[in-house]
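So this block is run-v9.pdb, PDB, C-alpha atoms and all ligand atoms:
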ATOM      1  CA  MET N   1      -5.870   7.816   8.812
ATOM      2  CA  ALA N   2      -3.538   7.311   5.890
ATOM      3  CA  SER N   3      -1.374   4.252   6.022
ATOM      4  CA  VAL N   4       0.688   5.123   2.976
ATOM      5  CA  GLU N   5       1.057   8.632   1.659
ATOM      6  CA  LEU N   6       2.889   9.416  -1.550
ATOM      7  CA  ALA N   7       3.509  13.118  -2.143
ATOM      8  CA  SER N   8       4.509  14.217  -5.639
ATOM      9  CA  ILE N   9       6.759  11.257  -6.239
ATOM     10  CA  SER N  10       8.526  10.784  -9.515
ATOM     11  CA  LYS N  11      10.929   8.257 -10.947
ATOM     12  CA  SER N  12      13.175   8.438 -13.961
ATOM     13  CA  PHE N  13      15.489   5.820 -15.352
ATOM     14  CA  GLY N  14      17.986   7.906 -17.300
ATOM     15  CA  ALA N  15      15.961  10.142 -19.570
ATOM     16  CA  VAL N  16      12.805   8.052 -19.225
ATOM     17  CA  ASP N  17      10.159   9.343 -16.827
ATOM     18  CA  VAL N  18       8.371   6.289 -15.480
ATOM     19  CA  ILE N  19       6.385   7.905 -12.634
ATOM     20  CA  ARG N  20       5.414  11.548 -12.962
ATOM     21  CA  ASP N  21       4.497  13.742 -10.017
ATOM     22  CA  LEU N  22       2.216  11.170  -8.438
ATOM     23  CA  SER N  23       0.351  11.734  -5.165
ATOM     24  CA  LEU N  24      -1.727   9.092  -3.471
ATOM     25  CA  SER N  25      -3.142   8.429  -0.042
ATOM     26  CA  VAL N  26      -3.973   4.857   0.944
ATOM     27  CA  GLU N  27      -6.316   4.550   3.925
ATOM     28  CA  ASP N  28      -5.318   2.444   6.882
ATOM     29  CA  GLY N  29      -6.849  -1.023   6.618
ATOM     30  CA  SER N  30      -7.948  -0.666   3.014
ATOM     31  CA  PHE N  31      -7.367  -3.007   0.109
ATOM     32  CA  CYS N  32      -6.027  -0.812  -2.659
ATOM     33  CA  ALA N  33      -5.390  -2.081  -6.189
ATOM     34  CA  LEU N  34      -2.908  -0.403  -8.524
ATOM     35  CA  LEU N  35      -4.356  -1.256 -11.908
ATOM     36  CA  GLY N  36      -2.908  -0.535 -15.321
ATOM     37  CA  PRO N  37      -1.446  -2.035 -18.473
ATOM     38  CA  SER N  38       1.944  -3.662 -18.619
ATOM     39  CA  GLY N  39       4.773  -1.121 -18.525
ATOM     40  CA  CYS N  40       2.722   1.703 -16.967
ATOM     41  CA  GLY N  41       4.904   1.814 -13.843
ATOM     42  CA  LYS N  42       2.994  -0.299 -11.302
ATOM     43  CA  SER N  43       5.976  -2.340 -10.115
ATOM     44  CA  THR N  44       8.207   0.730  -9.980
ATOM     45  CA  LEU N  45       5.634   2.487  -7.805
ATOM     46  CA  LEU N  46       5.336  -0.486  -5.458
ATOM     47  CA  ARG N  47       9.112  -0.847  -5.260
ATOM     48  CA  MET N  48       9.417   2.804  -4.234
ATOM     49  CA  ILE N  49       6.945   2.210  -1.398
ATOM     50  CA  ALA N  50       8.981  -0.831  -0.366
ATOM     51  CA  GLY N  51      12.238   1.107  -0.607
ATOM     52  CA  LEU N  52      13.668  -1.229  -3.224
ATOM     53  CA  GLU N  53      13.860   1.704  -5.612
ATOM     54  CA  ARG N  54      14.735   5.300  -4.676
ATOM     55  CA  VAL N  55      12.386   8.073  -5.631
ATOM     56  CA  SER N  56      13.741  10.691  -8.045
ATOM     57  CA  GLY N  57      11.581  13.272  -6.278
ATOM     58  CA  GLY N  58       8.836  13.577  -3.688
ATOM     59  CA  SER N  59       8.281  11.768  -0.411
ATOM     60  CA  VAL N  60       6.887   8.534   0.991
ATOM     61  CA  ARG N  61       5.193   8.236   4.377
ATOM     62  CA  ILE N  62       4.148   4.979   5.993
ATOM     63  CA  GLY N  63       2.033   5.318   9.114
ATOM     64  CA  SER N  64       3.308   8.371  10.916
ATOM     65  CA  ARG N  65       6.855   8.171   9.548
ATOM     66  CA  ASP N  66       8.580   9.753   6.584
ATOM     67  CA  VAL N  67      10.392   6.748   5.096
ATOM     68  CA  THR N  68      11.585   8.401   1.889
ATOM     69  CA  HIS N  69      15.188   7.588   2.730
ATOM     70  CA  ALA N  70      14.624   4.602   5.029
ATOM     71  CA  GLU N  71      15.968   1.117   4.362
ATOM     72  CA  PRO N  72      13.417  -1.443   3.087
ATOM     73  CA  LYS N  73      13.735  -3.488   6.289
ATOM     74  CA  SER N  74      12.781  -0.622   8.540
ATOM     75  CA  ARG N  75       9.665   0.454   6.617
ATOM     76  CA  GLY N  76       7.220  -2.015   8.164
ATOM     77  CA  VAL N  77       6.222  -3.440   4.786
ATOM     78  CA  ALA N  78       6.346  -6.965   3.406
ATOM     79  CA  MET N  79       6.207  -7.717  -0.291
ATOM     80  CA  VAL N  80       4.891 -10.750  -2.174
ATOM     81  CA  PHE N  81       6.025 -11.198  -5.773
ATOM     82  CA  GLN N  82       4.792 -13.130  -8.746
ATOM     83  CA  SER N  83       7.882 -15.290  -8.878
ATOM     84  CA  TYR N  84       8.547 -16.251  -5.327
ATOM     85  CA  ALA N  85      11.527 -18.382  -4.441
ATOM     86  CA  LEU N  86      10.998 -20.724  -1.524
ATOM     87  CA  TYR N  87      13.997 -22.448   0.038
ATOM     88  CA  PRO N  88      13.793 -25.997  -1.363
ATOM     89  CA  HIS N  89      15.701 -27.639   1.500
ATOM     90  CA  LEU N  90      13.518 -26.072   4.213
ATOM     91  CA  THR N  91      10.079 -27.255   5.318
ATOM     92  CA  VAL N  92       6.954 -25.130   4.963
ATOM     93  CA  ALA N  93       7.229 -24.161   8.648
ATOM     94  CA  GLN N  94      10.881 -23.177   8.236
ATOM     95  CA  ASN N  95      10.166 -21.234   5.061
ATOM     96  CA  ILE N  96       7.390 -19.298   6.763
ATOM     97  CA  ALA N  97       9.492 -18.573   9.837
ATOM     98  CA  PHE N  98      12.666 -17.769   7.903
ATOM     99  CA  SER N  99      12.748 -14.068   8.813
ATOM    100  CA  LEU N 100      12.331 -14.981  12.493
ATOM    101  CA  SER N 101      15.190 -17.451  12.308
ATOM    102  CA  LEU N 102      17.386 -14.753  10.699
ATOM    103  CA  ALA N 103      16.459 -12.473  13.579
ATOM    104  CA  GLY N 104      17.644 -15.162  16.006
ATOM    105  CA  ARG N 105      14.236 -15.800  17.601
ATOM    106  CA  PRO N 106      13.904 -18.987  19.689
ATOM    107  CA  ARG N 107      12.866 -22.116  17.798
ATOM    108  CA  ALA N 108       9.669 -22.599  19.770
ATOM    109  CA  GLU N 109       8.614 -19.065  18.927
ATOM    110  CA  GLN N 110       9.387 -19.656  15.235
ATOM    111  CA  ARG N 111       7.296 -22.807  15.215
ATOM    112  CA  ALA N 112       4.395 -21.174  17.028
ATOM    113  CA  ALA N 113       4.402 -18.256  14.585
ATOM    114  CA  ALA N 114       4.546 -20.621  11.603
ATOM    115  CA  GLU N 115       1.587 -22.579  12.999
ATOM    116  CA  ARG N 116      -0.455 -19.446  13.567
ATOM    117  CA  VAL N 117       0.195 -18.164  10.047
ATOM    118  CA  ALA N 118      -0.375 -21.613   8.525
ATOM    119  CA  ARG N 119      -3.829 -21.754  10.117
ATOM    120  CA  LEU N 120      -4.793 -18.467   8.471
ATOM    121  CA  LEU N 121      -3.664 -19.794   5.095
ATOM    122  CA  GLN N 122      -4.953 -23.367   5.386
ATOM    123  CA  LEU N 123      -1.441 -24.757   5.405
ATOM    124  CA  ASP N 124      -1.598 -26.401   8.850
ATOM    125  CA  HIS N 125      -1.450 -29.938   7.493
ATOM    126  CA  LEU N 126       1.562 -29.156   5.300
ATOM    127  CA  LEU N 127       3.963 -27.641   7.830
ATOM    128  CA  ASP N 128       6.545 -30.404   7.583
ATOM    129  CA  ARG N 129       6.511 -30.788   3.800
ATOM    130  CA  ARG N 130       9.099 -29.335   1.466
ATOM    131  CA  PRO N 131       8.254 -26.996  -1.437
ATOM    132  CA  ALA N 132       8.718 -29.743  -4.060
ATOM    133  CA  GLU N 133       5.815 -31.620  -2.443
ATOM    134  CA  LEU N 134       3.392 -28.708  -2.795
ATOM    135  CA  SER N 135       1.051 -27.514  -5.553
ATOM    136  CA  GLY N 136       1.492 -24.083  -7.139
ATOM    137  CA  GLY N 137      -1.284 -22.603  -5.033
ATOM    138  CA  GLN N 138       0.146 -24.036  -1.833
ATOM    139  CA  ARG N 139       3.571 -22.614  -2.680
ATOM    140  CA  GLN N 140       2.092 -19.202  -3.270
ATOM    141  CA  ARG N 141       0.364 -19.458   0.099
ATOM    142  CA  VAL N 142       3.715 -20.223   1.738
ATOM    143  CA  ALA N 143       5.142 -17.114   0.059
ATOM    144  CA  ILE N 144       2.267 -15.080   1.514
ATOM    145  CA  GLY N 145       2.849 -16.762   4.896
ATOM    146  CA  ARG N 146       6.463 -15.708   4.826
ATOM    147  CA  ALA N 147       5.335 -12.090   4.493
ATOM    148  CA  LEU N 148       2.546 -12.489   7.059
ATOM    149  CA  VAL N 149       4.827 -13.786   9.788
ATOM    150  CA  ARG N 150       6.644 -10.458   9.816
ATOM    151  CA  GLU N 151       3.425  -8.729  10.881
ATOM    152  CA  PRO N 152       3.910  -5.818   8.525
ATOM    153  CA  GLN N 153       2.002  -2.581   8.741
ATOM    154  CA  VAL N 154       1.420  -2.756   4.988
ATOM    155  CA  PHE N 155       1.385  -5.668   2.548
ATOM    156  CA  LEU N 156       2.617  -5.064  -0.967
ATOM    157  CA  PHE N 157       1.613  -7.559  -3.641
ATOM    158  CA  ASP N 158       3.063  -7.486  -7.150
ATOM    159  CA  GLU N 159       0.833  -9.584  -9.400
ATOM    160  CA  PRO N 160       1.109 -12.484  -6.959
ATOM    161  CA  LEU N 161      -1.377 -14.732  -8.748
ATOM    162  CA  SER N 162      -0.367 -14.313 -12.362
ATOM    163  CA  ASN N 163       1.634 -17.553 -12.499
ATOM    164  CA  LEU N 164      -1.332 -19.631 -11.327
ATOM    165  CA  ASP N 165      -3.936 -21.225 -13.569
ATOM    166  CA  ALA N 166      -7.339 -19.566 -13.925
ATOM    167  CA  LEU N 167      -9.230 -21.694 -11.404
ATOM    168  CA  LEU N 168      -6.568 -21.412  -8.751
ATOM    169  CA  ARG N 169      -6.390 -17.682  -9.326
ATOM    170  CA  VAL N 170     -10.080 -17.351  -8.498
ATOM    171  CA  GLN N 171      -9.659 -19.483  -5.355
ATOM    172  CA  MET N 172      -6.665 -17.495  -4.193
ATOM    173  CA  ARG N 173      -8.533 -14.243  -4.760
ATOM    174  CA  ILE N 174     -11.251 -15.431  -2.408
ATOM    175  CA  GLU N 175      -8.645 -16.441   0.146
ATOM    176  CA  LEU N 176      -6.829 -13.132  -0.063
ATOM    177  CA  ALA N 177     -10.097 -11.274   0.478
ATOM    178  CA  LYS N 178     -10.783 -13.506   3.494
ATOM    179  CA  LEU N 179      -7.302 -12.938   4.844
ATOM    180  CA  HIS N 180      -7.736  -9.193   4.541
ATOM    181  CA  ASN N 181     -11.044  -9.393   6.417
ATOM    182  CA  GLU N 182      -9.437 -11.409   9.185
ATOM    183  CA  ILE N 183      -6.251  -9.426   9.768
ATOM    184  CA  GLY N 184      -7.339  -5.989   8.525
ATOM    185  CA  THR N 185      -3.827  -5.010   7.445
ATOM    186  CA  THR N 186      -3.506  -2.420   4.669
ATOM    187  CA  MET N 187      -2.881  -4.116   1.338
ATOM    188  CA  ILE N 188      -1.609  -2.569  -1.866
ATOM    189  CA  TYR N 189      -2.084  -4.914  -4.740
ATOM    190  CA  VAL N 190      -0.581  -4.445  -8.203
ATOM    191  CA  THR N 191      -2.378  -6.067 -11.115
ATOM    192  CA  HIS N 192      -3.050  -5.583 -14.830
ATOM    193  CA  ASP N 193      -6.220  -7.679 -14.464
ATOM    194  CA  GLN N 194      -9.309  -5.488 -14.043
ATOM    195  CA  VAL N 195     -11.450  -8.398 -12.804
ATOM    196  CA  GLU N 196      -8.940  -9.096 -10.074
ATOM    197  CA  ALA N 197      -8.905  -5.423  -9.054
ATOM    198  CA  MET N 198     -12.697  -5.130  -9.175
ATOM    199  CA  THR N 199     -13.284  -8.224  -7.027
ATOM    200  CA  LEU N 200     -10.524  -7.693  -4.461
ATOM    201  CA  ALA N 201     -10.123  -4.008  -3.849
ATOM    202  CA  ASP N 202     -12.207  -1.434  -2.058
ATOM    203  CA  ARG N 203     -10.229   1.267  -3.865
ATOM    204  CA  ILE N 204      -8.713   1.120  -7.310
ATOM    205  CA  VAL N 205      -6.009   3.405  -8.609
ATOM    206  CA  VAL N 206      -5.927   3.318 -12.410
ATOM    207  CA  LEU N 207      -2.504   4.111 -13.853
ATOM    208  CA  ASP N 208      -1.428   4.841 -17.372
ATOM    209  CA  ARG N 209       2.057   5.888 -18.428
ATOM    210  CA  GLY N 210       3.129   6.730 -14.910
ATOM    211  CA  ARG N 211       0.158   8.921 -14.101
ATOM    212  CA  ILE N 212      -2.977   8.317 -12.064
ATOM    213  CA  GLN N 213      -6.024   8.373 -14.315
ATOM    214  CA  GLN N 214      -8.603   7.874 -11.585
ATOM    215  CA  VAL N 215      -8.998   6.716  -7.997
ATOM    216  CA  GLY N 216     -12.283   5.281  -6.785
ATOM    217  CA  SER N 217     -14.300   2.319  -5.644
ATOM    218  CA  PRO N 218     -14.904  -0.424  -8.231
ATOM    219  CA  LEU N 219     -18.472   0.801  -8.653
ATOM    220  CA  GLU N 220     -17.451   4.448  -9.080
ATOM    221  CA  LEU N 221     -14.943   3.534 -11.756
ATOM    222  CA  TYR N 222     -17.442   1.358 -13.545
ATOM    223  CA  ASN N 223     -20.311   3.809 -13.411
ATOM    224  CA  HIS N 224     -18.359   7.042 -13.761
ATOM    225  CA  PRO N 225     -15.056   6.482 -15.544
ATOM    226  CA  ALA N 226     -13.106   9.749 -15.633
ATOM    227  CA  ASN N 227     -11.945   9.324 -19.212
ATOM    228  CA  ARG N 228     -11.884   6.971 -22.169
ATOM    229  CA  PHE N 229      -8.793   5.197 -20.961
ATOM    230  CA  VAL N 230     -10.455   4.212 -17.680
ATOM    231  CA  ALA N 231     -13.689   3.289 -19.440
ATOM    232  CA  GLY N 232     -11.828   1.101 -21.908
ATOM    233  CA  PHE N 233      -9.652  -0.509 -19.302
ATOM    234  CA  ILE N 234     -12.434  -1.206 -16.817
ATOM    235  CA  GLY N 235     -14.724  -2.339 -19.622
ATOM    236  CA  SER N 236     -17.576  -0.087 -18.601
ATOM    237  CA  PRO N 237     -20.091   1.329 -21.086
ATOM    238  CA  GLY N 238     -19.105   4.966 -20.228
TER     239      GLY N 238
HETATM  240  P1  LIG N 301       4.604  -2.463 -14.824
HETATM  241  O1  LIG N 301       4.908  -3.117 -13.523
HETATM  242  O2  LIG N 301       3.393  -1.604 -14.804
HETATM  243  O3  LIG N 301       4.545  -3.437 -15.944
HETATM  244  P2  LIG N 301       7.244  -1.303 -14.520
HETATM  245  O4  LIG N 301       7.158  -0.463 -13.315
HETATM  246  O5  LIG N 301       7.907  -2.626 -14.379
HETATM  247  O6  LIG N 301       5.801  -1.456 -15.170
HETATM  248  O7  LIG N 301       8.020  -0.524 -15.648
HETATM  249  C1  LIG N 301       7.626   0.765 -16.075
HETATM  250  C2  LIG N 301       8.626   1.266 -17.090
HETATM  251  O8  LIG N 301       9.869   1.491 -16.468
HETATM  252  C3  LIG N 301       8.886   0.309 -18.233
HETATM  253  O9  LIG N 301       8.998   1.041 -19.412
HETATM  254  C4  LIG N 301      10.197  -0.326 -17.853
HETATM  255  O10 LIG N 301      10.908  -0.717 -18.989
HETATM  256  C5  LIG N 301      10.900   0.791 -17.108
HETATM  257  N1  LIG N 301      11.828   0.282 -16.083
HETATM  258  C6  LIG N 301      11.485  -0.397 -14.986
HETATM  259  N2  LIG N 301      12.563  -0.690 -14.236
HETATM  260  C7  LIG N 301      13.644  -0.174 -14.901
HETATM  261  C8  LIG N 301      15.060  -0.130 -14.656
HETATM  262  N3  LIG N 301      15.594  -0.685 -13.546
HETATM  263  N4  LIG N 301      15.823   0.480 -15.553
HETATM  264  C9  LIG N 301      15.299   1.070 -16.648
HETATM  265  N5  LIG N 301      13.989   1.070 -16.950
HETATM  266  C10 LIG N 301      13.158   0.459 -16.087
HETATM  267 MG    MG N 302       5.128  -5.138 -13.036
END

Mind turning the file's structure into structure tokens?
Ligand code: ADP
Ligand code: MG
Amino acid sequence: MASVELASISKSFGAVDVIRDLSLSVEDGSFCALLGPSGCGKSTLLRMIAGLERVSGGSVRIGSRDVTHAEPKSRGVAMVFQSYALYPHLTVAQNIAFSLSLAGRPRAEQRAAAERVARLLQLDHLLDRRPAELSGGQRQRVAIGRALVREPQVFLFDEPLSNLDALLRVQMRIELAKLHNEIGTTMIYVTHDQVEAMTLADRIVVLDRGRIQQVGSPLELYNHPANRFVAGFIGSPG
């Protein structure tokens, strides 16, 4: 079953075509990386799935619903960005549960949800700290927790680790893979880093200038790159 289905979507900003007639089907429960160089349209594509950007043409389905014209909030997606802003005056627990507090859920329920999410992300011992008392990796985990608590149907990540140092990036990659194994939610992960895509994803979509160059497993792309661009970008001998 497809979790996200893009049918012939396009996006132009003025006269500039950023996404051109792109179709893609993301399987339910898969970890899909959108990989390509800076400026190729990855964020624009993700933002159209999230509903933060309108499509110029085509349609977007999430689960069984056509969400092409639906509000971001009603799409069942949660997005994690590279530059995440936590609320400095709120604790980790309150930051994680923020969407529940906005929705007017009882405090005990908010706390219980924050505790459950914190366990998944190894933040249990930090629930009562404030963001200023956390490391960069811990803050990024809180940002992921904030998305997790909403129990989305699909997670959208936009280069979430690129502000972290190299070692932390590797650790967080392992944790994201673990998280995906545990919760099984569909993840769509934008990155320009081929190593990140190769280690995290079960399917990689290679983009260049707003067009899909190839879709396949890491091994398929490595062993059988469809063209020179993919070969060069993946770093395979082909
Ligand atoms: P990526 O995330 O792959 O680096 P983006 O999706 O951010 O690429 O951008 C793709 C192209 O679209 C770039 O050329 C960028 O300048 C352009 N672009 C993105 N957003 C806008 C916007 N709001 N207005 C005009 N041009 C935009
Ligand atoms: Mg981007």

Exercise for the section: Can you give me, as a list in words, the residues this file yields under the PyMOL selection byres (((chain N and resi 162) around 10) and not hetatm)? Expected result: Phe81, Gln82, Ser83, Asp158, Glu159, Pro160, Leu161, Asn163, Leu164, Asp165, Ala166, Arg169, Thr191, His192 and Asp193 of chain N

Hey, which bits of chain N sit within 7 Å of ligand LIG 301 (chain N), and for each residue what's the closest pair of atoms and how far apart in Å (one decimal), counting all atoms listed in the file, rows by chain and increasing number, as a tab-separated table?
residue	atom	partner	partner_atom	distance
N:Phe13	CA	N:LIG301	C9	4.9
N:Val18	CA	N:LIG301	O8	5.1
N:Gly36	CA	N:LIG301	O2	6.4
N:Pro37	CA	N:LIG301	O2	6.1
N:Ser38	CA	N:LIG301	O3	3.7
N:Gly39	CA	N:LIG301	O3	3.5
N:Cys40	CA	N:LIG301	O2	4.0
N:Gly41	CA	N:LIG301	O4	3.2
N:Lys42	CA	N:LIG301	O2	3.8
N:Ser43	CA	N:LIG301	O1	3.7
N:Thr44	CA	N:LIG301	O4	3.7
N:Leu45	CA	N:LIG301	O4	6.4

Check which residues satisfy the PyMOL selection byres (((chain N and resi 157) around 6) and not hetatm) in the file shown, then give them as an mmCIF file with C-alpha atoms, in the frame of the given file.
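That gives us selection.cif:
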data_model
loop_
_atom_site.group_PDB
_atom_site.id
_atom_site.type_symbol
_atom_site.label_atom_id
_atom_site.label_comp_id
_atom_site.auth_asym_id
_atom_site.auth_seq_id
_atom_site.Cartn_x
_atom_site.Cartn_y
_atom_site.Cartn_z
ATOM 1 C CA MET N 79 6.207 -7.717 -0.291
ATOM 2 C CA VAL N 80 4.891 -10.750 -2.174
ATOM 3 C CA LEU N 156 2.617 -5.064 -0.967
ATOM 4 C CA ASP N 158 3.063 -7.486 -7.150
ATOM 5 C CA PRO N 160 1.109 -12.484 -6.959
ATOM 6 C CA TYR N 189 -2.084 -4.914 -4.740
ATOM 7 C CA VAL N 190 -0.581 -4.445 -8.203
#

Would you list the residues near (3.7, -28.4, 3.8) (no more than 10 Å away, in the coordinates of the file, using all atoms listed in the file) as a ChimeraX atom specification?
/N:91-95,118,123-135,138-139,142

Limited to C-alpha atoms, could you put the picked residues into a file as a short mmCIF file (atom, residue, chain, number, x, y, z; two decimals), in the frame of the given file?
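Okay, this is what ended up in part_4.cif:
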data_model
loop_
_atom_site.label_atom_id
_atom_site.label_comp_id
_atom_site.auth_asym_id
_atom_site.auth_seq_id
_atom_site.Cartn_x
_atom_site.Cartn_y
_atom_site.Cartn_z
CA THR N 91 10.08 -27.26 5.32
CA VAL N 92 6.95 -25.13 4.96
CA ALA N 93 7.23 -24.16 8.65
CA GLN N 94 10.88 -23.18 8.24
CA ASN N 95 10.17 -21.23 5.06
CA ALA N 118 -0.38 -21.61 8.52
CA LEU N 123 -1.44 -24.76 5.40
CA ASP N 124 -1.60 -26.40 8.85
CA HIS N 125 -1.45 -29.94 7.49
CA LEU N 126 1.56 -29.16 5.30
CA LEU N 127 3.96 -27.64 7.83
CA ASP N 128 6.54 -30.40 7.58
CA ARG N 129 6.51 -30.79 3.80
CA ARG N 130 9.10 -29.34 1.47
CA PRO N 131 8.25 -27.00 -1.44
CA ALA N 132 8.72 -29.74 -4.06
CA GLU N 133 5.82 -31.62 -2.44
CA LEU N 134 3.39 -28.71 -2.80
CA SER N 135 1.05 -27.51 -5.55
CA GLN N 138 0.15 -24.04 -1.83
CA ARG N 139 3.57 -22.61 -2.68
CA VAL N 142 3.72 -20.22 1.74
#

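In this structure, atom CA of N:Gly216 sits 21.2 Å away from atom MG of ligand MG 302 (chain N).
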
Computed gap from atom CA of N:Pro72 to atom CA of N:Ala50 is 5.7 Å

Write out N, CA and C atoms for stretch 180-199 of chain N, as a PDB file, in the frame of the given file.
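What follows is the written file part_35.pdb:
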ATOM      1  N   HIS N 180      -7.666 -10.621   4.263  1.00  0.00           N
ATOM      2  CA  HIS N 180      -7.736  -9.193   4.541  1.00  0.00           C
ATOM      3  C   HIS N 180      -8.826  -8.889   5.564  1.00  0.00           C
ATOM      4  N   ASN N 181      -9.972  -9.567   5.434  1.00  0.00           N
ATOM      5  CA  ASN N 181     -11.044  -9.393   6.417  1.00  0.00           C
ATOM      6  C   ASN N 181     -10.607  -9.798   7.809  1.00  0.00           C
ATOM      7  N   GLU N 182      -9.829 -10.888   7.880  1.00  0.00           N
ATOM      8  CA  GLU N 182      -9.437 -11.409   9.185  1.00  0.00           C
ATOM      9  C   GLU N 182      -8.379 -10.556   9.865  1.00  0.00           C
ATOM     10  N   ILE N 183      -7.363 -10.131   9.107  1.00  0.00           N
ATOM     11  CA  ILE N 183      -6.251  -9.426   9.768  1.00  0.00           C
ATOM     12  C   ILE N 183      -6.357  -7.908   9.651  1.00  0.00           C
ATOM     13  N   GLY N 184      -7.094  -7.430   8.640  1.00  0.00           N
ATOM     14  CA  GLY N 184      -7.339  -5.989   8.525  1.00  0.00           C
ATOM     15  C   GLY N 184      -6.122  -5.131   8.196  1.00  0.00           C
ATOM     16  N   THR N 185      -5.031  -5.774   7.783  1.00  0.00           N
ATOM     17  CA  THR N 185      -3.827  -5.010   7.445  1.00  0.00           C
ATOM     18  C   THR N 185      -3.999  -4.335   6.076  1.00  0.00           C
ATOM     19  N   THR N 186      -3.469  -3.140   5.946  1.00  0.00           N
ATOM     20  CA  THR N 186      -3.506  -2.420   4.669  1.00  0.00           C
ATOM     21  C   THR N 186      -2.822  -3.257   3.577  1.00  0.00           C
ATOM     22  N   MET N 187      -3.474  -3.369   2.440  1.00  0.00           N
ATOM     23  CA  MET N 187      -2.881  -4.116   1.338  1.00  0.00           C
ATOM     24  C   MET N 187      -2.851  -3.256   0.089  1.00  0.00           C
ATOM     25  N   ILE N 188      -1.723  -3.257  -0.582  1.00  0.00           N
ATOM     26  CA  ILE N 188      -1.609  -2.569  -1.866  1.00  0.00           C
ATOM     27  C   ILE N 188      -1.246  -3.631  -2.890  1.00  0.00           C
ATOM     28  N   TYR N 189      -2.098  -3.745  -3.884  1.00  0.00           N
ATOM     29  CA  TYR N 189      -2.084  -4.914  -4.740  1.00  0.00           C
ATOM     30  C   TYR N 189      -1.951  -4.495  -6.206  1.00  0.00           C
ATOM     31  N   VAL N 190      -0.820  -4.806  -6.802  1.00  0.00           N
ATOM     32  CA  VAL N 190      -0.581  -4.445  -8.203  1.00  0.00           C
ATOM     33  C   VAL N 190      -1.125  -5.531  -9.124  1.00  0.00           C
ATOM     34  N   THR N 191      -1.878  -5.105 -10.133  1.00  0.00           N
ATOM     35  CA  THR N 191      -2.378  -6.067 -11.115  1.00  0.00           C
ATOM     36  C   THR N 191      -2.671  -5.374 -12.448  1.00  0.00           C
ATOM     37  N   HIS N 192      -2.609  -6.135 -13.540  1.00  0.00           N
ATOM     38  CA  HIS N 192      -3.050  -5.583 -14.830  1.00  0.00           C
ATOM     39  C   HIS N 192      -4.423  -6.159 -15.174  1.00  0.00           C
ATOM     40  N   ASP N 193      -4.980  -6.943 -14.220  1.00  0.00           N
ATOM     41  CA  ASP N 193      -6.220  -7.679 -14.464  1.00  0.00           C
ATOM     42  C   ASP N 193      -7.383  -6.935 -13.797  1.00  0.00           C
ATOM     43  N   GLN N 194      -8.259  -6.329 -14.606  1.00  0.00           N
ATOM     44  CA  GLN N 194      -9.309  -5.488 -14.043  1.00  0.00           C
ATOM     45  C   GLN N 194     -10.291  -6.300 -13.205  1.00  0.00           C
ATOM     46  N   VAL N 195     -10.522  -7.570 -13.580  1.00  0.00           N
ATOM     47  CA  VAL N 195     -11.450  -8.398 -12.804  1.00  0.00           C
ATOM     48  C   VAL N 195     -10.880  -8.631 -11.400  1.00  0.00           C
ATOM     49  N   GLU N 196      -9.594  -8.892 -11.365  1.00  0.00           N
ATOM     50  CA  GLU N 196      -8.940  -9.096 -10.074  1.00  0.00           C
ATOM     51  C   GLU N 196      -9.081  -7.832  -9.211  1.00  0.00           C
ATOM     52  N   ALA N 197      -8.807  -6.686  -9.802  1.00  0.00           N
ATOM     53  CA  ALA N 197      -8.905  -5.423  -9.054  1.00  0.00           C
ATOM     54  C   ALA N 197     -10.343  -5.171  -8.599  1.00  0.00           C
ATOM     55  N   MET N 198     -11.287  -5.409  -9.495  1.00  0.00           N
ATOM     56  CA  MET N 198     -12.697  -5.130  -9.175  1.00  0.00           C
ATOM     57  C   MET N 198     -13.205  -6.042  -8.063  1.00  0.00           C
ATOM     58  N   THR N 199     -12.754  -7.300  -8.030  1.00  0.00           N
ATOM     59  CA  THR N 199     -13.284  -8.224  -7.027  1.00  0.00           C
ATOM     60  C   THR N 199     -12.560  -8.101  -5.686  1.00  0.00           C
TER      61      THR N 199
END
